[in-house]
Structure formats: structure tokens, C-alpha cells
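Structure file data31.pdb (PDB, C-alpha atoms) is printed below.
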```
ATOM      1  CA  MET T  42      14.733 -69.053  75.197
ATOM      2  CA  GLY T  43      16.811 -72.016  73.978
ATOM      3  CA  GLU T  44      20.588 -72.300  74.127
ATOM      4  CA  ASP T  45      20.996 -71.471  70.433
ATOM      5  CA  GLU T  46      18.854 -68.351  70.749
ATOM      6  CA  THR T  47      20.710 -67.280  73.898
ATOM      7  CA  ALA T  48      24.031 -67.663  72.110
ATOM      8  CA  GLN T  49      22.744 -65.632  69.173
ATOM      9  CA  VAL T  50      21.549 -62.833  71.472
ATOM     10  CA  MET T  51      24.893 -62.717  73.307
ATOM     11  CA  THR T  52      26.851 -62.703  70.033
ATOM     12  CA  SER T  53      24.974 -59.682  68.689
ATOM     13  CA  LEU T  54      24.596 -57.866  72.026
ATOM     14  CA  GLY T  55      27.698 -55.689  71.761
ATOM     15  CA  ALA T  56      26.669 -54.262  68.402
ATOM     16  CA  ARG T  57      23.135 -53.768  69.732
ATOM     17  CA  LEU T  58      24.350 -51.833  72.759
ATOM     18  CA  ARG T  59      26.442 -49.584  70.501
ATOM     19  CA  ALA T  60      23.524 -49.009  68.111
ATOM     20  CA  ILE T  61      21.168 -48.076  70.959
ATOM     21  CA  ARG T  62      23.696 -45.630  72.437
ATOM     22  CA  GLN T  63      24.392 -44.013  69.071
ATOM     23  CA  ALA T  64      20.680 -43.780  68.231
ATOM     24  CA  ARG T  65      20.257 -41.736  71.420
ATOM     25  CA  GLY T  66      23.175 -39.480  70.503
ATOM     26  CA  LEU T  67      25.205 -40.441  73.585
ATOM     27  CA  THR T  68      28.974 -40.652  73.885
ATOM     28  CA  LEU T  69      30.671 -43.308  75.992
ATOM     29  CA  ALA T  70      31.549 -40.593  78.494
ATOM     30  CA  GLN T  71      27.917 -39.512  78.786
ATOM     31  CA  LEU T  72      26.797 -43.107  79.254
ATOM     32  CA  ASN T  73      29.499 -43.544  81.895
ATOM     33  CA  ALA T  74      28.081 -40.551  83.773
ATOM     34  CA  ALA T  75      24.561 -42.003  83.582
ATOM     35  CA  THR T  76      25.441 -45.572  84.589
ATOM     36  CA  GLY T  77      28.674 -45.454  86.586
ATOM     37  CA  ILE T  78      30.169 -48.065  84.225
ATOM     38  CA  SER T  79      33.680 -47.063  83.159
ATOM     39  CA  VAL T  80      34.290 -45.908  79.590
ATOM     40  CA  SER T  81      36.762 -48.739  79.026
ATOM     41  CA  THR T  82      34.235 -51.353  80.182
ATOM     42  CA  LEU T  83      31.488 -49.820  78.014
ATOM     43  CA  SER T  84      33.840 -49.905  75.028
ATOM     44  CA  ARG T  85      34.703 -53.574  75.657
ATOM     45  CA  LEU T  86      31.026 -54.474  76.054
ATOM     46  CA  GLU T  87      30.176 -52.834  72.729
ATOM     47  CA  SER T  88      33.085 -54.465  70.908
ATOM     48  CA  GLY T  89      32.179 -57.903  72.266
ATOM     49  CA  GLN T  90      35.446 -58.238  74.175
ATOM     50  CA  ARG T  91      33.520 -58.552  77.469
ATOM     51  CA  GLU T  92      30.315 -60.414  78.175
ATOM     52  CA  PRO T  93      27.869 -58.236  80.128
ATOM     53  CA  GLY T  94      26.324 -59.284  83.404
ATOM     54  CA  LEU T  95      23.287 -57.957  85.232
ATOM     55  CA  ARG T  96      25.481 -55.373  86.997
ATOM     56  CA  HIS T  97      26.047 -53.876  83.531
ATOM     57  CA  LEU T  98      22.686 -54.513  81.873
ATOM     58  CA  LEU T  99      20.465 -53.134  84.628
ATOM     59  CA  PRO T 100      22.126 -49.666  84.708
ATOM     60  CA  LEU T 101      22.156 -49.593  80.897
ATOM     61  CA  ALA T 102      18.449 -50.452  80.717
ATOM     62  CA  ARG T 103      17.677 -47.674  83.222
ATOM     63  CA  ALA T 104      19.831 -45.151  81.358
ATOM     64  CA  HIS T 105      18.176 -45.975  78.024
ATOM     65  CA  ARG T 106      14.709 -46.252  79.620
ATOM     66  CA  LEU T 107      14.158 -49.688  78.082
ATOM     67  CA  PRO T 108      12.873 -52.977  79.518
ATOM     68  CA  LEU T 109      15.749 -55.398  80.014
ATOM     69  CA  ASP T 110      14.465 -57.860  77.403
ATOM     70  CA  GLU T 111      14.209 -55.060  74.842
ATOM     71  CA  LEU T 112      17.726 -53.843  75.639
ATOM     72  CA  VAL T 113      19.227 -57.255  74.932
ATOM     73  CA  GLY T 114      16.870 -58.053  72.041
ATOM     74  CA  SER T 115      15.417 -61.164  73.647
ATOM     75  CA  ARG T 116      11.744 -60.246  73.400
ATOM     76  CA  THR T 117       9.940 -63.005  71.559
ATOM     77  CA  GLY T 118       6.406 -63.791  70.502
ATOM     78  CA  ASP T 119       3.848 -61.475  68.942
ATOM     79  CA  PRO T 120       5.371 -57.969  68.678
ATOM     80  CA  ARG T 121       2.005 -56.325  68.121
ATOM     81  CA  VAL T 122       0.435 -54.133  70.781
ATOM     82  CA  HIS T 123      -3.195 -55.078  71.476
ATOM     83  CA  PRO T 124      -4.734 -51.845  72.754
ATOM     84  CA  ARG T 125      -7.893 -51.643  74.827
ATOM     85  CA  PRO T 126      -9.583 -48.316  74.057
ATOM     86  CA  PHE T 127     -11.255 -46.445  76.884
ATOM     87  CA  THR T 128     -13.234 -43.216  77.215
ATOM     88  CA  ARG T 129     -12.303 -40.329  79.502
ATOM     89  CA  HIS T 130     -13.728 -36.774  79.536
ATOM     90  CA  GLY T 131     -15.579 -37.421  76.286
ATOM     91  CA  GLN T 132     -12.422 -38.578  74.492
ATOM     92  CA  THR T 133     -11.555 -42.014  73.187
ATOM     93  CA  TRP T 134      -8.046 -43.082  74.232
ATOM     94  CA  ILE T 135      -6.219 -45.898  72.408
ATOM     95  CA  PRO T 136      -2.942 -46.998  74.086
ATOM     96  CA  LEU T 137      -0.045 -47.366  71.634
ATOM     97  CA  THR T 138       2.582 -48.641  74.083
ATOM     98  CA  ARG T 139       2.751 -51.966  75.913
ATOM     99  CA  ASN T 140       3.237 -50.571  79.392
ATOM    100  CA  PRO T 141       1.900 -47.009  79.759
ATOM    101  CA  ASN T 142       3.014 -46.913  83.408
ATOM    102  CA  ASP T 143       6.750 -46.876  82.645
ATOM    103  CA  GLY T 144       8.453 -43.763  81.283
ATOM    104  CA  LEU T 145       7.228 -42.306  78.003
ATOM    105  CA  HIS T 146       3.812 -43.510  76.905
ATOM    106  CA  ALA T 147       1.714 -42.868  73.817
ATOM    107  CA  TYR T 148      -1.968 -42.744  72.953
ATOM    108  CA  LYS T 149      -4.110 -42.077  69.935
ATOM    109  CA  GLN T 150      -6.898 -39.774  71.097
ATOM    110  CA  ILE T 151     -10.181 -38.951  69.371
ATOM    111  CA  LEU T 152     -12.694 -36.187  70.078
ATOM    112  CA  PRO T 153     -16.062 -36.476  68.298
ATOM    113  CA  ALA T 154     -17.475 -33.656  66.244
ATOM    114  CA  PRO T 155     -19.115 -30.994  68.446
ATOM    115  CA  ALA T 156     -22.903 -30.879  68.557
ATOM    116  CA  VAL T 157     -22.735 -27.132  67.938
ATOM    117  CA  ALA T 158     -19.972 -25.374  65.998
ATOM    118  CA  ARG T 159     -17.593 -23.275  68.103
ATOM    119  CA  THR T 160     -17.934 -19.482  67.873
ATOM    120  CA  GLU T 161     -16.099 -16.580  69.475
ATOM    121  CA  TRP T 162     -18.634 -16.766  72.350
ATOM    122  CA  THR T 163     -18.054 -20.452  73.078
ATOM    123  CA  PRO T 164     -16.370 -20.838  76.497
ATOM    124  CA  ARG T 165     -12.732 -21.879  76.522
ATOM    125  CA  PRO T 166     -11.970 -25.513  77.361
ATOM    126  CA  GLU T 167     -11.602 -26.242  81.056
ATOM    127  CA  GLN T 168      -7.901 -26.222  81.967
ATOM    128  CA  GLY T 169      -5.857 -28.323  84.353
ATOM    129  CA  SER T 170      -2.173 -28.739  85.182
ATOM    130  CA  HIS T 171       0.049 -31.533  86.482
ATOM    131  CA  GLU T 172       3.655 -32.679  86.529
ATOM    132  CA  GLY T 173       4.926 -33.908  83.187
ATOM    133  CA  HIS T 174       5.479 -33.084  79.564
ATOM    134  CA  GLU T 175       3.232 -33.605  76.540
ATOM    135  CA  TRP T 176       3.771 -33.763  72.786
ATOM    136  CA  ILE T 177       0.820 -33.680  70.373
ATOM    137  CA  TYR T 178       0.685 -34.500  66.650
ATOM    138  CA  VAL T 179      -2.651 -33.957  64.885
ATOM    139  CA  LEU T 180      -3.645 -36.663  62.400
ATOM    140  CA  SER T 181      -6.934 -35.218  61.155
ATOM    141  CA  GLY T 182      -9.392 -32.467  61.997
ATOM    142  CA  ARG T 183      -8.657 -29.323  64.001
ATOM    143  CA  LEU T 184      -7.672 -29.352  67.673
ATOM    144  CA  LEU T 185      -8.025 -26.311  69.951
ATOM    145  CA  LEU T 186      -5.307 -26.218  72.602
ATOM    146  CA  ALA T 187      -5.966 -23.699  75.377
ATOM    147  CA  LEU T 188      -2.457 -23.287  76.790
ATOM    148  CA  GLY T 189      -2.176 -20.723  79.536
ATOM    149  CA  ASP T 190      -3.698 -17.495  78.196
ATOM    150  CA  HIS T 191      -3.350 -18.532  74.558
ATOM    151  CA  ASP T 192      -5.775 -20.379  72.286
ATOM    152  CA  LEU T 193      -3.926 -22.333  69.603
ATOM    153  CA  VAL T 194      -5.440 -24.299  66.722
ATOM    154  CA  LEU T 195      -3.556 -27.307  65.415
ATOM    155  CA  ALA T 196      -4.466 -28.657  61.981
ATOM    156  CA  ALA T 197      -3.477 -32.023  60.534
ATOM    157  CA  GLY T 198       0.319 -32.363  60.467
ATOM    158  CA  GLU T 199       0.955 -29.725  63.134
ATOM    159  CA  THR T 200       2.498 -30.334  66.539
ATOM    160  CA  ALA T 201       2.675 -28.810  70.003
ATOM    161  CA  GLU T 202       5.063 -29.655  72.817
ATOM    162  CA  PHE T 203       4.634 -28.191  76.295
ATOM    163  CA  ASP T 204       5.232 -28.434  80.017
ATOM    164  CA  THR T 205       2.020 -29.755  81.552
ATOM    165  CA  ARG T 206       2.484 -27.573  84.642
ATOM    166  CA  VAL T 207       1.147 -24.811  82.351
ATOM    167  CA  PRO T 208      -2.683 -24.852  82.593
ATOM    168  CA  HIS T 209      -4.040 -26.529  79.467
ATOM    169  CA  GLY T 210      -7.228 -27.880  77.973
ATOM    170  CA  ILE T 211      -8.424 -29.119  74.592
ATOM    171  CA  ALA T 212     -11.530 -28.985  72.424
ATOM    172  CA  ASN T 213     -12.592 -29.853  68.908
ATOM    173  CA  ALA T 214     -12.108 -26.710  66.810
ATOM    174  CA  GLY T 215     -13.779 -28.113  63.676
ATOM    175  CA  ASP T 216     -16.982 -29.718  62.495
ATOM    176  CA  ARG T 217     -15.764 -33.329  62.321
ATOM    177  CA  PRO T 218     -13.895 -35.647  64.692
ATOM    178  CA  VAL T 219     -10.316 -34.702  65.499
ATOM    179  CA  GLU T 220      -7.668 -37.384  65.950
ATOM    180  CA  TRP T 221      -4.162 -36.952  67.335
ATOM    181  CA  ILE T 222      -1.200 -38.824  68.768
ATOM    182  CA  ALA T 223      -0.163 -37.759  72.281
ATOM    183  CA  LEU T 224       3.120 -38.654  73.988
ATOM    184  CA  TYR T 225       3.398 -38.159  77.737
ATOM    185  CA  GLY T 226       6.784 -38.042  79.416
ATOM    186  CA  ALA T 227       8.593 -37.135  82.591
ATOM    187  CA  GLN T 228       8.971 -33.568  83.798
ATOM    188  CA  GLY T 229      11.966 -31.522  82.688
ATOM    189  CA  GLU T 230      11.806 -31.917  78.923
ATOM    190  CA  ARG T 231      12.464 -28.928  76.680
ATOM    191  CA  MET T 232       9.372 -26.954  75.688
ATOM    192  CA  HIS T 233       8.655 -25.553  72.237
ATOM    193  CA  ILE T 234       5.480 -24.960  70.290
ATOM    194  CA  ARG T 235       4.896 -24.884  66.540
ATOM    195  CA  VAL T 236       1.255 -24.119  65.916
ATOM    196  CA  ARG T 237      -0.976 -21.516  64.345
ATOM    197  CA  PRO T 238      -2.546 -19.086  66.910
ATOM    198  CA  THR T 239      -6.178 -18.023  66.622
ATOM    199  CA  GLY T 240      -7.255 -14.401  66.786
ATOM    200  CA  ASP T 241      -4.794 -11.626  67.543
ATOM    201  CA  ASP T 242      -3.016 -13.198  70.557
TER
END
```
Go ahead and render the structure in this file as C-alpha cells.
Amino acid sequence: MGEDETAQVMTSLGARLRAIRQARGLTLAQLNAATGISVSTLSRLESGQREPGLRHLLPLARAHRLPLDELVGSRTGDPRVHPRPFTRHGQTWIPLTRNPNDGLHAYKQILPAPAVARTEWTPRPEQGSHEGHEWIYVLSGRLLLALGDHDLVLAAGETAEFDTRVPHGIANAGDRPVEWIALYGAQGERMHIRVRPTGDD
């Protein structure tokens, strides 16, 4: 990064820090509690009256769960993500985030059409559980989510959000491929489900 670009980043950094905080719905007091940076210092950083150092930026990046270069707006080069699809348990996974090992990560997932249509005698999907939280948004097709004792069918445009400590499994509930976006996050998120149940459960 050249001197001119550095100066431009520093000039706009205060407004950027304020915009990021407000986009996350945080008050200065809440950010103070998360970072240990005083409210007065946070206010001066956002107004441009104080130039931030690493002792400010590192706690802010952690609190906002952003890479440091993204926090300050210094990321340069090609902004596109170049995913490398892979197959796991019969599904195609397409990464949608640059670094799926840090914090929240996203995938597009695809299940092919079943060889034989599902019936009421078809076994339920195999279930597993693990620490974490998952959010699903169906793009096309019909996705069967076996969540605990309930079988739920999600059609295009429907979502489910759940604690992954609850046993869960998925299957294609239709006669064509099903595609969905899945977000995986840390444990402790709020759980709610908005789907259409199957049967009389």
C-alpha cells in the first residue's frame, strides 16, 4: 500500500469504524464492554479526533469478527472468492467465504436427485450432532431436514436455523437436485425454525 493510499485509509477510518459498529447494532457502551476500550476513546476514534493504533484495532477486529485488513478497509486486489468445490457424504460443497476456518463460514450445497423417490417407508436420514449453529436457506428443490424427532421439508425460499447439538440429518425430498446456502457459526446463537413440517408431527 502506497503512502497516498495509506493516508486515504486513515482519513476515512473513523467513519468506517462507526459504520461497522452501527451496522452491527452496537452502542459505544456495548463495544467498550467487548473491547475494553473506553467510550470516550471509541468516540474520538470514530470522529477522527484520534488516530487508532494496533492496541485499538486488534480488539475492534476481534469484537467485530473481521480480519484486520477488512476492518480498516485496506484489502486490495481481486475481491472475488475463487471457490474449490469438494464432495462429502454425496453432497457437493462450494465455499462462499475466503477463510472458512475463522468464525462464520458459508457454503452452497447441492444434493443430486435421488435414484428412487422417497416414500413413507424410506428410512430417515442418518443424524449426527456437534458443537455449533447452522442456518439454511433453500435455493431450489425440496430439502428434508431430520431435526431431532421431527421431519421438516424446506422448499425454495424457506429457512431453518438450529443448534447443531440437536441430532440432525438431511436428504433430498424431491425428484430433482436440491440446492441451498448453509451458514455455520459458533455455539450459543439463538435458535428458531420457520419451515413446513411433514405428516402430523
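CA of Ala147 in chain T to CA of Gln63 in chain T spans 23.2 Å [interatomic distance, one decimal].
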message = I'd like to see the residues matched by the PyMOL selection byres ((chain T and resi 99-101) around 10) on this file, and ideally I'd get them as an MDAnalysis selection string.
response = chainID T and resid 58 62 72:73 75:78 83 94:98 102:109 112
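If you look at CA of Ala154 in chain T and CA of Arg206 in chain T, they are 27.8 Å away from each other.
Residues within 12 Å of Ala56 in chain T, counting all atoms listed in the file and excluding same-chain residues fewer than 2 positions away, are T:Val50, T:Met51, T:Thr52, T:Ser53, T:Leu54, T:Leu58, T:Arg59, T:Ala60, T:Ile61, T:Arg62, T:Gln63, T:Leu83, T:Ser84, T:Arg85, T:Leu86, T:Glu87, T:Ser88, T:Gly89, T:Gln90, T:Leu112, T:Val113, T:Gly114.
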Result set, the PyMOL selection byres ((chain T and resi 197) around 9) on current file, as a JSON list (two decimals) with C-alpha atoms, in the coordinates of the input:
```
[["chain", "number", "residue", "atom", "x", "y", "z"],
["T", 178, "TYR", "CA", 0.68, -34.50, 66.65],
["T", 179, "VAL", "CA", -2.65, -33.96, 64.89],
["T", 180, "LEU", "CA", -3.64, -36.66, 62.40],
["T", 181, "SER", "CA", -6.93, -35.22, 61.16],
["T", 182, "GLY", "CA", -9.39, -32.47, 62.00],
["T", 183, "ARG", "CA", -8.66, -29.32, 64.00],
["T", 184, "LEU", "CA", -7.67, -29.35, 67.67],
["T", 195, "LEU", "CA", -3.56, -27.31, 65.42],
["T", 196, "ALA", "CA", -4.47, -28.66, 61.98],
["T", 198, "GLY", "CA", 0.32, -32.36, 60.47],
["T", 199, "GLU", "CA", 0.96, -29.72, 63.13],
["T", 200, "THR", "CA", 2.50, -30.33, 66.54],
["T", 219, "VAL", "CA", -10.32, -34.70, 65.50],
["T", 220, "GLU", "CA", -7.67, -37.38, 65.95],
["T", 221, "TRP", "CA", -4.16, -36.95, 67.33]]
```
